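Everything below belongs to protein.txt, which stores compact mmCIF, C-alpha atoms.
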```
# COMPACT_ATOMS: atom_id res chain seq x y z
CA MET A 1 0.41 -2.07 -3.32
CA ILE A 2 2.02 -2.78 0.03
CA ARG A 3 0.35 -2.23 3.38
CA ILE A 4 2.31 -0.40 6.05
CA GLU A 5 2.92 -3.46 8.27
CA GLU A 6 4.40 -5.48 5.40
CA PHE A 7 6.37 -2.47 4.20
CA LEU A 8 8.02 -2.04 7.61
CA ILE A 9 9.14 -5.68 7.62
CA ARG A 10 10.42 -5.72 4.04
CA ALA A 11 12.21 -2.39 4.39
CA ARG A 12 13.45 -3.37 7.87
CA LEU A 13 12.17 -0.09 9.28
CA GLU A 14 10.63 1.15 12.51
CA ARG A 15 7.25 2.79 12.17
CA HIS A 16 8.40 6.13 13.60
CA SER A 17 11.26 6.26 11.06
CA LEU A 18 8.86 5.61 8.21
CA GLU A 19 6.49 8.30 9.44
CA ALA A 20 9.37 10.76 9.69
CA TRP A 21 10.54 9.91 6.17
CA VAL A 22 7.07 10.43 4.74
CA ALA A 23 6.75 13.71 6.66
CA ALA A 24 10.14 14.83 5.28
CA GLY A 25 8.91 14.12 1.74
CA TRP A 26 11.56 11.47 1.16
CA LEU A 27 8.82 8.95 0.49
CA VAL A 28 5.61 9.81 -1.34
CA PRO A 29 3.25 6.84 -0.92
CA PRO A 30 0.85 6.52 -3.87
CA GLN A 31 -2.23 6.08 -1.65
CA THR A 32 -2.69 8.21 1.44
CA GLU A 33 -6.41 8.12 2.14
CA PRO A 34 -7.82 6.52 4.17
CA GLU A 35 -4.62 4.64 4.99
CA LEU A 36 -1.05 4.65 3.69
CA MET A 37 -0.22 2.23 0.86
CA PHE A 38 3.18 1.83 -0.71
CA SER A 39 4.49 0.62 -4.06
CA ASP A 40 7.60 -1.35 -5.00
CA ILE A 41 9.45 1.83 -5.92
CA ASP A 42 8.81 3.23 -2.44
CA LEU A 43 10.33 0.06 -1.01
CA ALA A 44 13.46 0.37 -3.16
CA ARG A 45 13.73 4.05 -2.26
CA ALA A 46 13.36 3.30 1.45
CA GLN A 47 16.17 0.75 1.18
CA LEU A 48 18.34 3.34 -0.56
CA ILE A 49 17.63 5.84 2.23
CA ARG A 50 18.51 3.21 4.80
CA ASP A 51 21.79 2.44 2.99
CA LEU A 52 22.63 6.14 2.87
CA ARG A 53 22.00 6.70 6.57
CA ASP A 54 23.13 3.42 8.09
CA ASP A 55 25.94 2.25 5.84
CA LEU A 56 27.29 5.38 4.19
CA GLY A 57 27.09 7.71 7.18
CA VAL A 58 24.97 10.36 5.42
CA ASN A 59 23.07 12.67 7.77
CA ASP A 60 19.45 13.73 7.29
CA GLU A 61 20.25 16.97 5.43
CA GLY A 62 22.54 14.99 3.15
CA VAL A 63 19.80 12.45 2.41
CA SER A 64 17.47 15.20 1.16
CA VAL A 65 20.17 16.63 -1.12
CA ILE A 66 21.17 13.23 -2.49
CA LEU A 67 17.57 12.18 -3.21
CA HIS A 68 16.87 15.45 -5.00
CA LEU A 69 20.00 15.16 -7.14
CA LEU A 70 19.41 11.47 -7.84
CA ASP A 71 15.86 12.15 -9.03
CA GLN A 72 17.12 14.93 -11.27
CA MET A 73 19.83 12.64 -12.61
CA HIS A 74 17.25 9.97 -13.46
CA GLY A 75 15.26 12.67 -15.24
CA LEU A 76 18.37 13.68 -17.19
CA ARG A 77 19.14 10.10 -18.10
CA ARG A 78 15.58 9.61 -19.30
CA THR A 79 15.66 12.72 -21.45
CA MET A 80 19.00 11.66 -22.91
CA ARG A 81 17.64 8.21 -23.65
CA ASP A 82 14.59 9.69 -25.40
CA LEU A 83 16.89 11.97 -27.36
CA VAL A 84 19.12 9.11 -28.46
CA ASP A 85 16.08 7.05 -29.44
CA GLU A 86 14.68 9.98 -31.39
CA MET A 87 17.95 10.60 -33.19
CA ARG A 88 18.26 6.93 -34.02
CA ALA A 89 14.71 6.85 -35.39
CA SER A 90 15.05 9.98 -37.54
CA GLY A 91 18.71 9.68 -38.56
CA PRO A 92 19.98 8.32 -41.88
CA LYS A 93 19.63 4.57 -42.26
CA THR A 94 22.95 2.77 -42.10
CA GLY A 95 23.94 -0.33 -44.04
CA GLY A 96 22.10 -1.98 -46.95
CA MET B 97 32.13 -15.04 -4.11
CA SER B 98 35.19 -16.64 -2.64
CA GLU B 99 37.60 -13.71 -2.60
CA ASP B 100 39.28 -12.90 0.66
CA PRO B 101 37.06 -10.28 2.31
CA TYR B 102 40.07 -8.48 3.73
CA ALA B 103 41.47 -8.06 0.21
CA VAL B 104 38.07 -6.94 -1.13
CA LEU B 105 37.88 -4.16 1.45
CA GLY B 106 41.61 -3.43 1.15
CA VAL B 107 42.33 -3.77 4.86
CA LYS B 108 44.90 -5.76 6.81
CA PRO B 109 43.79 -8.87 8.72
CA GLN B 110 44.63 -7.11 11.97
CA ALA B 111 42.57 -3.99 11.13
CA THR B 112 40.27 -2.65 13.88
CA GLN B 113 36.48 -2.70 13.44
CA ASP B 114 36.61 1.08 12.98
CA GLU B 115 39.14 0.77 10.17
CA ILE B 116 37.00 -1.86 8.49
CA ARG B 117 33.90 0.33 8.71
CA THR B 118 35.77 3.32 7.31
CA ALA B 119 37.11 1.26 4.42
CA TYR B 120 33.64 -0.11 3.68
CA ARG B 121 32.02 3.32 3.72
CA ALA B 122 34.65 4.74 1.39
CA LEU B 123 34.06 1.93 -1.11
CA ALA B 124 30.28 1.93 -0.75
CA LYS B 125 30.08 5.66 -1.43
CA LYS B 126 31.88 5.09 -4.71
CA LEU B 127 30.16 1.85 -5.70
CA HIS B 128 26.55 1.93 -4.44
CA PRO B 129 24.41 1.02 -7.51
CA ASP B 130 22.01 3.85 -6.85
CA LEU B 131 24.86 6.33 -6.96
CA ASN B 132 26.07 4.77 -10.24
CA PRO B 133 22.91 4.21 -12.24
CA GLY B 134 24.71 3.77 -15.54
CA ASP B 135 27.49 1.48 -14.39
CA LYS B 136 26.75 -2.24 -14.33
CA ARG B 137 30.20 -3.13 -13.01
CA ALA B 138 29.68 -0.99 -9.95
CA GLU B 139 26.89 -3.33 -8.86
CA GLU B 140 29.14 -6.40 -9.06
CA ARG B 141 31.87 -4.69 -7.10
CA PHE B 142 29.34 -3.37 -4.59
CA LYS B 143 28.01 -6.90 -4.04
CA GLN B 144 31.51 -8.14 -3.28
CA VAL B 145 32.18 -5.26 -0.94
CA SER B 146 28.83 -5.73 0.83
CA ALA B 147 29.41 -9.46 1.22
CA ALA B 148 32.86 -8.84 2.62
CA TYR B 149 31.51 -6.24 5.03
CA ASP B 150 28.69 -8.54 6.09
CA ILE B 151 31.36 -10.83 7.47
CA LEU B 152 34.03 -8.42 8.67
CA GLY B 153 31.71 -5.66 9.87
CA ASP B 154 30.28 -7.93 12.56
CA ALA B 155 32.94 -8.76 15.17
CA ASP B 156 31.41 -12.18 15.95
CA LYS B 157 31.11 -13.23 12.33
CA ARG B 158 34.58 -11.95 11.67
CA ALA B 159 35.97 -14.09 14.48
CA ARG B 160 34.14 -17.13 13.10
CA PHE B 161 35.54 -16.40 9.65
CA ASP B 162 39.06 -16.00 11.08
CA ARG B 163 38.68 -19.37 12.79
CA GLY B 164 37.53 -20.89 9.48
CA GLU B 165 33.98 -21.67 10.68
CA ILE B 166 32.34 -19.81 7.80
CA ASP B 167 33.75 -19.13 4.37
CA ALA B 168 33.77 -15.91 2.40
CA SER B 169 30.79 -16.91 0.23
CA GLY B 170 28.31 -17.72 2.96
CA ASN B 171 26.69 -14.38 3.50
CA GLU B 172 25.70 -12.51 0.42
CA ARG B 173 22.85 -10.21 1.33
CA PRO B 174 19.85 -10.65 -0.96
CA ARG B 175 18.42 -7.42 -2.22
CA GLU B 176 15.05 -7.12 -3.88
CA ARG B 177 15.57 -4.28 -6.37
CA TYR B 178 17.59 -1.11 -6.36
CA TYR B 179 15.91 2.25 -6.68
CA ARG B 180 17.67 2.83 -10.02
CA ASP B 181 15.88 -0.23 -11.44
CA PHE B 182 12.66 1.80 -11.43
CA HIS B 183 14.16 4.36 -13.81
CA GLY B 184 14.83 2.13 -16.80
CA PRO B 185 13.71 2.77 -20.39
CA ASP B 186 10.21 1.40 -19.77
CA ALA B 187 9.69 3.03 -16.39
CA GLU B 188 6.40 4.80 -15.84
CA GLN B 189 6.11 8.31 -14.50
CA HIS B 190 5.90 8.27 -10.72
CA ALA B 191 5.92 10.60 -7.75
CA TYR B 192 9.70 10.91 -7.81
CA SER B 193 10.04 11.72 -11.54
CA ASP B 194 11.92 14.99 -11.94
CA ALA B 195 12.47 16.42 -15.40
CA SER B 196 13.76 19.81 -14.32
CA GLY B 197 17.42 18.96 -15.02
CA TYR B 198 17.36 20.21 -18.62
CA ALA B 199 14.68 22.87 -18.14
CA ASP B 200 17.07 25.71 -19.03
CA PHE B 201 18.12 23.94 -22.24
CA MET B 202 14.60 24.42 -23.55
CA ASP B 203 15.65 27.93 -24.61
CA GLU B 204 17.83 26.38 -27.30
CA ASP B 205 15.85 26.10 -30.54
CA ILE B 206 17.55 22.92 -31.62
CA LEU B 207 16.68 21.12 -28.40
CA LYS B 208 13.18 22.52 -28.36
CA ASP B 209 12.81 21.09 -31.84
CA LEU B 210 14.21 17.72 -30.85
CA PHE B 211 12.22 17.45 -27.66
CA GLY B 212 9.16 18.60 -29.53
CA ARG B 213 9.54 15.79 -31.99
CA ALA B 214 10.30 13.35 -29.21
CA GLY B 215 6.78 14.04 -28.06
CA ARG B 216 7.52 15.38 -24.61
CA GLY B 217 8.55 18.94 -25.34
CA GLU B 218 5.86 21.37 -24.45
CA GLY B 219 8.58 24.03 -24.32
CA ARG B 220 9.07 25.66 -20.97
CA PHE B 221 5.47 25.06 -20.11
CA ARG B 222 5.21 22.77 -17.11
CA MET B 223 1.92 21.64 -15.70
CA ARG B 224 0.71 19.00 -13.32
CA GLY B 225 -1.55 16.41 -14.96
CA GLN B 226 -5.28 16.49 -14.36
CA ASP B 227 -6.88 14.39 -11.66
CA ALA B 228 -8.84 11.52 -13.09
CA LEU B 229 -12.20 10.64 -11.52
CA TYR B 230 -13.47 7.09 -11.38
CA ARG B 231 -16.51 5.48 -9.84
CA LEU B 232 -16.11 2.00 -8.42
CA PRO B 233 -19.17 -0.08 -7.46
CA VAL B 234 -18.42 -2.63 -4.73
CA GLU B 235 -20.39 -5.23 -2.80
CA PHE B 236 -21.57 -4.38 0.71
CA LEU B 237 -19.34 -6.99 2.36
CA GLU B 238 -16.28 -5.95 0.30
CA ALA B 239 -16.63 -2.46 1.73
CA VAL B 240 -17.08 -3.74 5.28
CA ASN B 241 -14.34 -6.38 5.25
CA GLY B 242 -11.91 -4.76 2.78
CA ALA B 243 -10.92 -6.00 -0.68
CA THR B 244 -8.61 -5.35 -3.61
CA LYS B 245 -10.37 -4.21 -6.77
CA ARG B 246 -9.13 -3.59 -10.27
CA ILE B 247 -10.45 -0.79 -12.44
CA THR B 248 -10.13 -1.10 -16.19
CA LEU B 249 -9.31 2.29 -17.65
CA PRO B 250 -10.70 3.69 -20.89
CA ASP B 251 -7.28 3.25 -22.55
CA GLY B 252 -7.21 -0.45 -21.63
CA GLY B 253 -4.83 -0.05 -18.70
CA THR B 254 -5.74 -1.13 -15.20
CA LEU B 255 -5.62 0.43 -11.77
CA ASP B 256 -5.46 -1.59 -8.57
CA VAL B 257 -7.40 -0.12 -5.68
CA VAL B 258 -7.01 -1.40 -2.15
CA LEU B 259 -10.31 -0.99 -0.37
CA PRO B 260 -9.62 -0.73 3.36
CA ALA B 261 -11.97 -2.51 5.73
CA GLY B 262 -14.77 -0.18 6.76
CA THR B 263 -14.93 1.83 3.53
CA ARG B 264 -18.09 3.98 3.46
CA ASP B 265 -20.45 4.63 0.60
CA LYS B 266 -19.39 7.73 -1.43
CA GLN B 267 -15.92 7.66 0.16
CA VAL B 268 -13.17 8.87 -2.18
CA LEU B 269 -9.80 7.12 -2.36
CA ARG B 270 -6.87 9.09 -3.69
CA LEU B 271 -4.20 7.25 -5.70
CA ARG B 272 -1.31 9.62 -6.10
CA GLY B 273 0.24 9.96 -9.55
CA LYS B 274 -2.33 7.72 -11.26
CA GLY B 275 -4.17 10.52 -13.02
CA GLY B 276 -3.44 12.28 -16.31
CA ALA B 277 0.20 12.71 -17.42
CA GLY B 278 1.85 16.03 -16.68
CA LEU B 279 2.88 18.45 -19.41
CA GLY B 280 6.46 19.53 -20.03
CA GLY B 281 7.80 17.28 -17.29
CA GLY B 282 5.15 18.26 -14.76
CA PRO B 283 4.06 15.57 -12.32
CA PRO B 284 1.03 13.41 -13.15
CA GLY B 285 -2.32 14.09 -11.49
CA ASP B 286 -4.04 11.82 -9.00
CA ALA B 287 -6.76 9.26 -9.54
CA LEU B 288 -9.78 9.91 -7.34
CA VAL B 289 -11.93 6.84 -6.92
CA GLU B 290 -15.42 7.26 -5.52
CA ILE B 291 -16.71 4.09 -3.92
CA GLU B 292 -20.34 3.11 -4.42
CA VAL B 293 -21.44 0.48 -1.94
CA ALA B 294 -24.32 -1.75 -3.08
CA PRO B 295 -27.07 -2.51 -0.54
CA HIS B 296 -27.12 -5.91 1.13
CA LYS B 297 -30.03 -8.39 1.30
CA ILE B 298 -30.08 -8.57 5.10
CA PHE B 299 -27.55 -6.12 6.54
CA THR B 300 -27.91 -2.37 6.77
CA ARG B 301 -25.22 -0.05 8.02
CA GLN B 302 -25.47 3.01 10.24
CA GLY B 303 -22.07 4.55 10.82
CA ASP B 304 -19.90 1.73 12.11
CA ASP B 305 -22.84 -0.38 13.30
CA ILE B 306 -24.55 -3.17 11.40
CA HIS B 307 -28.28 -3.80 11.77
CA VAL B 308 -29.97 -7.07 10.94
CA GLU B 309 -33.47 -8.44 11.47
CA LEU B 310 -33.60 -11.98 12.85
CA PRO B 311 -36.79 -14.03 12.40
CA ILE B 312 -37.46 -16.39 15.34
CA SER B 313 -40.16 -18.99 15.91
CA LEU B 314 -42.80 -18.78 18.62
CA PRO B 315 -41.20 -21.54 20.76
CA GLU B 316 -37.80 -19.84 20.44
CA ALA B 317 -39.36 -16.57 21.62
CA VAL B 318 -41.24 -18.13 24.53
CA LEU B 319 -38.60 -20.58 25.74
CA GLY B 320 -35.40 -18.78 24.73
CA ALA B 321 -32.76 -20.30 22.41
CA LYS B 322 -29.16 -20.25 21.23
CA LEU B 323 -29.14 -19.25 17.57
CA ASP B 324 -26.59 -18.62 14.81
CA VAL B 325 -26.81 -15.00 13.69
CA PRO B 326 -25.24 -13.79 10.43
CA THR B 327 -22.59 -11.05 10.79
CA PRO B 328 -20.34 -9.54 8.10
CA SER B 329 -17.47 -11.74 9.34
CA GLY B 330 -19.53 -14.96 9.50
CA PRO B 331 -22.21 -16.46 11.75
CA VAL B 332 -22.01 -15.90 15.50
CA ARG B 333 -23.88 -17.87 18.19
CA MET B 334 -26.19 -15.67 20.24
CA THR B 335 -28.50 -16.35 23.19
CA VAL B 336 -32.11 -15.25 22.74
CA PRO B 337 -33.49 -14.79 26.27
CA LYS B 338 -36.68 -16.46 27.44
CA GLY B 339 -39.73 -14.37 26.58
CA ALA B 340 -38.01 -12.33 23.88
CA ASN B 341 -40.48 -10.23 21.92
CA THR B 342 -40.68 -8.91 18.38
CA GLY B 343 -38.81 -5.62 18.19
CA ARG B 344 -36.40 -6.52 20.98
CA VAL B 345 -32.85 -5.47 20.03
CA LEU B 346 -29.81 -7.51 21.09
CA ARG B 347 -26.27 -6.25 20.66
CA LEU B 348 -23.28 -8.24 19.43
CA ARG B 349 -20.36 -6.15 20.60
CA GLY B 350 -17.50 -5.66 18.10
CA LYS B 351 -19.32 -7.50 15.28
CA GLY B 352 -19.95 -4.34 13.25
CA VAL B 353 -17.72 -2.47 10.83
CA PRO B 354 -13.94 -2.42 11.47
CA ARG B 355 -12.51 1.03 12.19
CA GLY B 356 -9.03 2.25 11.38
CA ASP B 357 -7.89 1.89 15.00
CA LYS B 358 -8.46 -1.91 15.11
CA SER B 359 -11.72 -1.52 17.03
CA SER B 360 -15.08 -2.27 15.43
CA GLY B 361 -18.64 -1.10 15.62
CA ASP B 362 -21.41 -3.37 16.96
CA GLU B 363 -24.08 -5.45 15.32
CA TYR B 364 -27.67 -4.85 16.45
CA VAL B 365 -30.03 -7.78 16.01
CA THR B 366 -33.75 -6.97 15.94
CA LEU B 367 -35.92 -9.98 16.75
CA LYS B 368 -39.09 -10.74 14.81
CA ILE B 369 -41.46 -13.52 15.81
CA VAL B 370 -42.76 -15.39 12.78
CA LEU B 371 -45.69 -17.83 12.97
CA PRO B 372 -45.69 -20.86 10.66
CA GLU B 373 -47.41 -20.40 7.29
CA GLN B 374 -49.84 -23.20 8.06
CA LEU B 375 -51.43 -22.67 11.45
CA ASP B 376 -51.28 -25.78 13.63
CA PRO B 377 -54.65 -26.96 15.13
CA GLU B 378 -52.92 -27.39 18.47
CA ILE B 379 -51.90 -23.73 18.71
CA GLU B 380 -55.34 -22.61 17.56
CA GLU B 381 -56.95 -24.71 20.28
CA PHE B 382 -54.48 -23.35 22.84
CA ALA B 383 -55.22 -19.74 21.87
CA GLN B 384 -58.98 -20.40 22.20
CA ARG B 385 -58.69 -21.43 25.85
CA TRP B 386 -55.78 -19.11 26.89
CA GLN B 387 -57.62 -16.61 29.10
CA ALA B 388 -54.57 -14.60 30.26
CA GLY B 389 -53.58 -14.13 26.63
CA LYS B 390 -57.01 -12.81 25.76
CA ASP B 391 -56.92 -10.38 28.70
CA HIS B 392 -53.60 -8.90 27.53
CA ASP B 393 -54.15 -5.71 25.49
CA PRO B 394 -51.05 -4.98 23.36
CA ARG B 395 -52.68 -1.74 22.07
CA ARG B 396 -53.25 -0.13 25.43
CA HIS B 397 -50.58 2.52 24.74
CA LEU B 398 -52.10 3.56 21.40
CA GLU B 399 -54.92 5.62 22.83
CA GLY B 400 -54.53 9.19 21.77
```

Show the structure stored in the file as structure tokens.
Amino acid sequence: MIRIEEFLIRARLERHSLEAWVAAGWLVPPQTEPELMFSDIDLARAQLIRDLRDDLGVNDEGVSVILHLLDQMHGLRRTMRDLVDEMRASGPKTGG
Amino acid sequence: MSEDPYAVLGVKPQATQDEIRTAYRALAKKLHPDLNPGDKRAEERFKQVSAAYDILGDADKRARFDRGEIDASGNERPRERYYRDFHGPDAEQHAYSDASGYADFMDEDILKDLFGRAGRGEGRFRMRGQDALYRLPVEFLEAVNGATKRITLPDGGTLDVVLPAGTRDKQVLRLRGKGGAGLGGGPPGDALVEIEVAPHKIFTRQGDDIHVELPISLPEAVLGAKLDVPTPSGPVRMTVPKGANTGRVLRLRGKGVPRGDKSSGDEYVTLKIVLPEQLDPEIEEFAQRWQAGKDHDPRRHLEG
């Protein structure tokens, strides 16, 4: 778990940006009470959001859409991976 | 990475900063690893493009590169992990997991069958996981000063809990997504951890204040003294005034329990005069002939 001060440094973020991102639902810190705590995945996601806004010129509405689609895509990829694993496990044995 | 950064970005050496930024954005949109989770080559290309832009995107650095002061390899930006790296085959469920992408496919019998056998197909039924309740006993000073604790779960897993400084007894910490798994792609529940603070040998706590009883000797009480007083953050030197009595309360400002806003409560020190176990003949003799002491009636206020 990462405290907010360390998170701001590692993500190279200003506090008010972070608070806005949490309020927008872009980041969902795993511990909220009695103080915010972040995980490594939050850090990677914050860096992605920063890339989108600062480097790729995506505006705030665009960030929400991209995050939503990306999360769905990761869900799809996971389901597909499970499906492939399942088919491999139950399919006919090849070779010897 | 020693390729010419101009070639990597596909711009002419005399390109303006605007043209360079536009070229970088166009490439980054195509190559960003998080936008290409399945493509390993995209990451390599993106690294080259980022490194090139690190040099050319900054007019000063670009000028130094043009003058030959830095080479094309000097400035690769280190990156901890990409977001996509948390979605690999072994990734756990987390707050961002979204399994709604194939929800409509669940109508198809063949997929329902497959997903059912894959162990995650509760049909179209989607439900958030249950909250899990835990009780975590902690030491008094861990609660006051803050600590990191690890809970071992019934299934053998572990859960790290960060106890903030100033945690109260019976306080509940919420760890999002650490509860029971969701059904049919629903999000996991939360872990609710109730903190049980053990009592301390010498400290008691009232709100954000700490109370402690400090035994002092008769000479210290009569003559005054500078004494080391225990506080949750270590001993603090305190002045006991001349003539201090049992029951007198002294305050150590800011030596109590830390609050969320960086301030702290106070510590209240209650003095208690303690005579030696073995009474000294000298003090006995003194008490015998001390007339003013005998005239003093400490119980004069007790009369009903």

Which polymer residues have any atom within 12 Å of an atom of Gly62 in chain A, counting all atoms listed in the file, with same-chain residues fewer than 4 positions away left out, as a PDB file with C-alpha atoms, in the coordinates of the input?
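Contents of out33.pdb, as written:
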```pdb
ATOM      1  CA  TRP A  26      11.560  11.470   1.160  1.00  0.00           C
ATOM      2  CA  ILE A  49      17.630   5.840   2.230  1.00  0.00           C
ATOM      3  CA  LEU A  52      22.630   6.140   2.870  1.00  0.00           C
ATOM      4  CA  ARG A  53      22.000   6.700   6.570  1.00  0.00           C
ATOM      5  CA  LEU A  56      27.290   5.380   4.190  1.00  0.00           C
ATOM      6  CA  GLY A  57      27.090   7.710   7.180  1.00  0.00           C
ATOM      7  CA  VAL A  58      24.970  10.360   5.420  1.00  0.00           C
ATOM      8  CA  ILE A  66      21.170  13.230  -2.490  1.00  0.00           C
ATOM      9  CA  LEU A  67      17.570  12.180  -3.210  1.00  0.00           C
ATOM     10  CA  HIS A  68      16.870  15.450  -5.000  1.00  0.00           C
ATOM     11  CA  LEU A  69      20.000  15.160  -7.140  1.00  0.00           C
ATOM     12  CA  LEU A  70      19.410  11.470  -7.840  1.00  0.00           C
TER      13      LEU A  70
END
```

> Residues around (13.3, -1.1, 8.1), cut-off 12 Å, counting all atoms listed in the file - what are they as an MDAnalysis selection string?
Replying inline: chainID A and resid 4:19 21 43:51 53:54

Could you please take those selected residues and save C-alpha atoms as a PDB file, in the coordinates of the input?
```pdb
ATOM      1  CA  ILE A   4       2.310  -0.400   6.050  1.00  0.00           C
ATOM      2  CA  GLU A   5       2.920  -3.460   8.270  1.00  0.00           C
ATOM      3  CA  GLU A   6       4.400  -5.480   5.400  1.00  0.00           C
ATOM      4  CA  PHE A   7       6.370  -2.470   4.200  1.00  0.00           C
ATOM      5  CA  LEU A   8       8.020  -2.040   7.610  1.00  0.00           C
ATOM      6  CA  ILE A   9       9.140  -5.680   7.620  1.00  0.00           C
ATOM      7  CA  ARG A  10      10.420  -5.720   4.040  1.00  0.00           C
ATOM      8  CA  ALA A  11      12.210  -2.390   4.390  1.00  0.00           C
ATOM      9  CA  ARG A  12      13.450  -3.370   7.870  1.00  0.00           C
ATOM     10  CA  LEU A  13      12.170  -0.090   9.280  1.00  0.00           C
ATOM     11  CA  GLU A  14      10.630   1.150  12.510  1.00  0.00           C
ATOM     12  CA  ARG A  15       7.250   2.790  12.170  1.00  0.00           C
ATOM     13  CA  HIS A  16       8.400   6.130  13.600  1.00  0.00           C
ATOM     14  CA  SER A  17      11.260   6.260  11.060  1.00  0.00           C
ATOM     15  CA  LEU A  18       8.860   5.610   8.210  1.00  0.00           C
ATOM     16  CA  GLU A  19       6.490   8.300   9.440  1.00  0.00           C
ATOM     17  CA  TRP A  21      10.540   9.910   6.170  1.00  0.00           C
ATOM     18  CA  LEU A  43      10.330   0.060  -1.010  1.00  0.00           C
ATOM     19  CA  ALA A  44      13.460   0.370  -3.160  1.00  0.00           C
ATOM     20  CA  ARG A  45      13.730   4.050  -2.260  1.00  0.00           C
ATOM     21  CA  ALA A  46      13.360   3.300   1.450  1.00  0.00           C
ATOM     22  CA  GLN A  47      16.170   0.750   1.180  1.00  0.00           C
ATOM     23  CA  LEU A  48      18.340   3.340  -0.560  1.00  0.00           C
ATOM     24  CA  ILE A  49      17.630   5.840   2.230  1.00  0.00           C
ATOM     25  CA  ARG A  50      18.510   3.210   4.800  1.00  0.00           C
ATOM     26  CA  ASP A  51      21.790   2.440   2.990  1.00  0.00           C
ATOM     27  CA  ARG A  53      22.000   6.700   6.570  1.00  0.00           C
ATOM     28  CA  ASP A  54      23.130   3.420   8.090  1.00  0.00           C
TER      29      ASP A  54
END
```

> Of the residues A:Asp55, A:Ala89, A:Met73, A:Val84, which is the one nearest to Ala124 in chain B, using all atoms listed in the file?
Replying inline: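 Of the candidates, the smallest distance to Ala124 in chain B is held by A:Asp55.
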
> From the set A:Asp42, A:Asp85, A:Glu35, A:Pro30, which residue has the shortest atom-to-atom contact distance to chain B, counting all atoms listed in the file?
Replying inline: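 Answer, going by the shortest atom-to-atom distance: A:Pro30.
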
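CA of Ala195 in chain B is positioned 4.7 Å from CA of Gly75 in chain A.
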
> What's the 12 Å shell around range 343-345 of chain B, counting all atoms listed in the file, without same-chain residues fewer than 6 positions away, as JSON, numbers by chain?
Replying inline: {"B": [307, 308, 309, 310, 311, 312, 317, 336, 337, 363, 364, 365, 366, 367, 368, 369, 370]}

>> Select, as an MDAnalysis selection string, those residues of chain B with any atom no more than 6 Å from chain A (distances computed using only C-alpha atoms).
In response: chainID B and resid 121 178:179 194:195 197 214 269:272

> CA of Arg355 in chain B to CA of Thr263 in chain B: how many Å, to one decimal?
Replying inline: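 Separation between CA of Arg355 in chain B and CA of Thr263 in chain B: 9.0 Å.
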
Report as AutoDock Vina command-line options the centre and the edge lengths, in Å to one decimal, of the axis-aligned box holding every listed atom of range 12-26 of chain A, padded by 6 Å on each side.
```
--center_x 10.0 --center_y 5.7 --center_z 7.4 --size_x 19.0 --size_y 30.2 --size_z 24.4
```

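Contact shell of Leu127 in chain B at 10 Å (all atoms listed in the file; same-chain neighbours under 5 positions omitted): Arg121, Ala122, Asn132, Asp135, Arg137, Ala138, Glu139, Glu140, Arg141, Phe142, Lys143 and Val145 of chain B.
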
>> With distances taken over only C-alpha atoms, which residue among B:Gly350, B:Thr300, B:Asp154, B:Leu314 lies nearest Pro372 in chain B?
In response: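 Using only C-alpha atoms, the shortest distance to Pro372 in chain B belongs to B:Leu314.
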
> Near Arg333 in chain B, counting all atoms listed in the file, which residues have an atom at most 8 Å away, once you skip same-chain residues fewer than 5 positions from it, shown as a list in words?
Replying inline: Lys322, Leu323, Asp324 and Val325 of chain B

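The spacing separating CA of Gly352 in chain B from CA of Gln267 in chain B amounts to 18.2 Å.
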